[in-house]
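Inspection log for the structure reproduced underneath, given as structure tokens.
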2 protein chains.
Amino acid sequence: MGSPEYIKIVEAIKGRITSEEIKPGDAIQSENLLCEEFNVSRMTVRKGLAVLVNEGYIYSIPGKGNYVCEPNLDSYTLHFDEMMATDKKGEEIRLIEVNVVKPSYEVGFNLEIPENKHVIVVKRVFLSDGHVKAFDVKYIPYYRGIPIVEKEIRYATFPEMVAKKNSIFAMTKKLKIKAIAAKDEVSQILDVMEGDAILVVEQKLLDEKDHPIGWGSMYFAGDDSGLEAIASFD
Amino acid sequence: MGSPEYIKIVEAIKGRITSEEIKPGDAIQSENLLCEEFNVSRMTVRKGLAVLVNEGYIYSIPGKGNYVCEPNLDSYTLHFDEMMATDKKGEEIRLIEVNVVKPSYEVGFNLEIPENKHVIVVKRVFLSDGHVKAFDVKYIPYYRGIPIVEKEIRYATFPEMVAKKNSIFAMTKKLKIKAIAAKDEVSQILDVMEGDAILVVEQKLLDEKDHPIGWGSMYFAGDDSGLEAIASFD
DNA sequence: GAGTGGTCTAGACCACGAA
DNA sequence: TCGTGGTCTAGACCACTCT
């Protein structure tokens, strides 16, 4: 095998873990012993162990040793992005409202702003072959001088909408996923019966000080729309 | 500051990225220049860069340089686990069925097994102060000799149920999240009206060869139940 | 050929845990 | 006190890219 030494070490130890030769909570050999076993320097052993730490297989306690992790049974990676709803052909986004308004109680609460501070509201619908698939509503605190370029907003993801004011790198994002019964504006715009099951993805963006800089929801109609997530370590 | 040199390097470069001094796609100084700038050896610089690679800030191209990543706008970490539904007091899990049955078409399709091969079905309800909050149904291919210990199964997460046969470390897990209208068994067991909105988390477990080793769904009643996810890099 | 990142070595010193 | 992991150095050689 032409793979680097540290990769061989990673694979050897992974094998011992997945084959349950060593179990969660067990210590693995000390780094010096691994040096002897694989005939490499300590830095090479440590590089291999670093990979295993990153991938969630082991953790280390200074002064004691390296230990096999309890597997994370509950961690998943979810990809969500407003533009996911427009992958295929025959799909279209319509901007149905861009406005500066006073916040409702709910919006003010979630953006942590007083009632008299205005917010930008952006409402969009996502169509597939003429049928409404999703309805998206987003609120952003309004600052004087923000340019609202409709063309840019139409195809923007939520983080991109607020990126003018805040670096995308310094932003925290949170999702809440719920099922609700359609009513009022949501049922009208999605063109479904009141009471129909709707998947809601509520999104909140926070700046580096954990202050909200955006809040809103996307509503999906129909049993066929859904989200997918894949297990991940760490 | 008493922090290690490589952490100082990490923070310095992170600062240049979040302040947009260097932008996605830009190259950062070569490792040798960073050695001079921070007065450290190349291994120390590389250790810092490795951290930035792991955290999704930069990537490197051998023979060329290190570059700032386009930020991942759509990646979230979701924590899901059947036992999440039982955090608080006054909550209870009831095992309502454990059986060996022939698979329905849907179950056989998802587990990729023939009709004549049996499956174990596990049905549980999650109660909060006497009210049904969630209904969980899981299917596992049946192999002769599998012991079914009701006490263990009652409080087990799905990966734990199949862990007897397959190492938890060698398992892939996938989720699909949907909203459906309650009907039949789901509406009866959750004690809601037919047509009420239900959040469904469908789970599939795969072995190292991508063969299904478990499939099932958990149904959540009520607008208040939902899932949360937090943005993550990588 | 000069510069880049990727791998690796053989040492060193430190803070920490256990006996 | 001894072994452990955490940090760091000053070299080295390689494969690669660019000019």
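Following the order of the structure tokens, chains are lettered A, B, ..., residues in each are numbered from 1, and ligands are numbered from 1.
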
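Any residue of chain D with an atom within 10 Å of chain A counts; using only C-alpha atoms (C1' of nucleotides), that gives DG3, DT4, DG5 and DG6 of chain D.
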
At most 6 Å is the cut-off: for each residue in chain A with any atom that close to an atom of chain B, write down the nearest atom pair and the distance in Å rounded to one decimal, counting only C-alpha atoms, chain first then increasing number, as a Markdown table.
| residue | atom | partner | partner_atom | distance |
| --- | --- | --- | --- | --- |
| A:Thr18 | CA | B:Phe169 | CA | 5.5 |
| A:Asp74 | CA | B:Phe80 | CA | 4.9 |
| A:Ser75 | CA | B:His79 | CA | 4.8 |
| A:Tyr76 | CA | B:Leu78 | CA | 5.0 |
| A:Thr77 | CA | B:Thr77 | CA | 4.7 |
| A:Leu78 | CA | B:Tyr76 | CA | 5.0 |
| A:His79 | CA | B:Ser75 | CA | 4.8 |
| A:Phe80 | CA | B:Asp74 | CA | 4.9 |
| A:Asp81 | CA | B:Asp74 | CA | 5.2 |
| A:Phe169 | CA | B:Thr18 | CA | 5.4 |
| A:Ala170 | CA | B:Thr18 | CA | 5.9 |
| A:Lys173 | CA | B:Ala231 | CA | 5.0 |
| A:Lys174 | CA | B:Ile230 | CA | 4.6 |
| A:Leu175 | CA | B:Ala229 | CA | 4.9 |
| A:Lys176 | CA | B:Glu228 | CA | 4.4 |
| A:Ile177 | CA | B:Leu227 | CA | 5.0 |
| A:Lys178 | CA | B:Gly226 | CA | 4.7 |
| A:Ala179 | CA | B:Leu199 | CA | 4.9 |
| A:Ile180 | CA | B:Ala197 | CA | 5.5 |
| A:Ala181 | CA | B:Ala197 | CA | 5.4 |
| A:Ala197 | CA | B:Ala197 | CA | 4.3 |
| A:Ile198 | CA | B:Ala179 | CA | 5.8 |
| A:Leu199 | CA | B:Ala179 | CA | 4.9 |
| A:Asp223 | CA | B:Ile180 | CA | 5.7 |
| A:Gly226 | CA | B:Lys178 | CA | 4.7 |
| A:Leu227 | CA | B:Ile177 | CA | 5.0 |
| A:Glu228 | CA | B:Lys176 | CA | 4.4 |
| A:Ala229 | CA | B:Leu175 | CA | 4.9 |
| A:Ile230 | CA | B:Lys174 | CA | 4.6 |
| A:Ala231 | CA | B:Lys173 | CA | 5.0 |

Determine, counting only C-alpha atoms (C1' of nucleotides), which protein, DNA and RNA residues have an atom within 12 Å of an atom of DT9 (chain C); residues of the same chain fewer than 5 positions away are not included. Present the result as a list in words.
Cys35, Asn39, Val40, Ser41, Arg42, Met43, Thr44 and Val45 of chain A; DT9, DA10, DG11, DA12 and DC13 of chain D

For the structure I just gave you, how does DSSP split region 21-223 of chain B - specifically, which residues are helix (DSSP H, G or I)? Reply as JSON, numbers by chain.
{"B": [31, 32, 33, 34, 35, 36, 37, 38, 42, 43, 44, 45, 46, 47, 48, 49, 50, 51, 52, 53, 54, 82, 83, 84, 85, 86, 105, 106, 107, 108, 109, 110, 111, 150, 151, 152, 153, 154, 158, 159, 160, 161, 162, 168, 169, 170, 184, 185, 186, 187, 188, 189, 190]}

What separates CA of Ile120 (chain A) and CA of Lys138 (chain A) is a distance of 8.0 Å

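Using only C-alpha atoms, the smallest distance between any of A:Ile113, A:Val53, A:Ile28, A:Ala134 and Ile93 (chain A) comes from A:Ala134.
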
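Closest to chain C among B:Val107, B:Val121, B:Ile213, B:Leu49 is B:Leu49, based on only C-alpha atoms (C1' of nucleotides).
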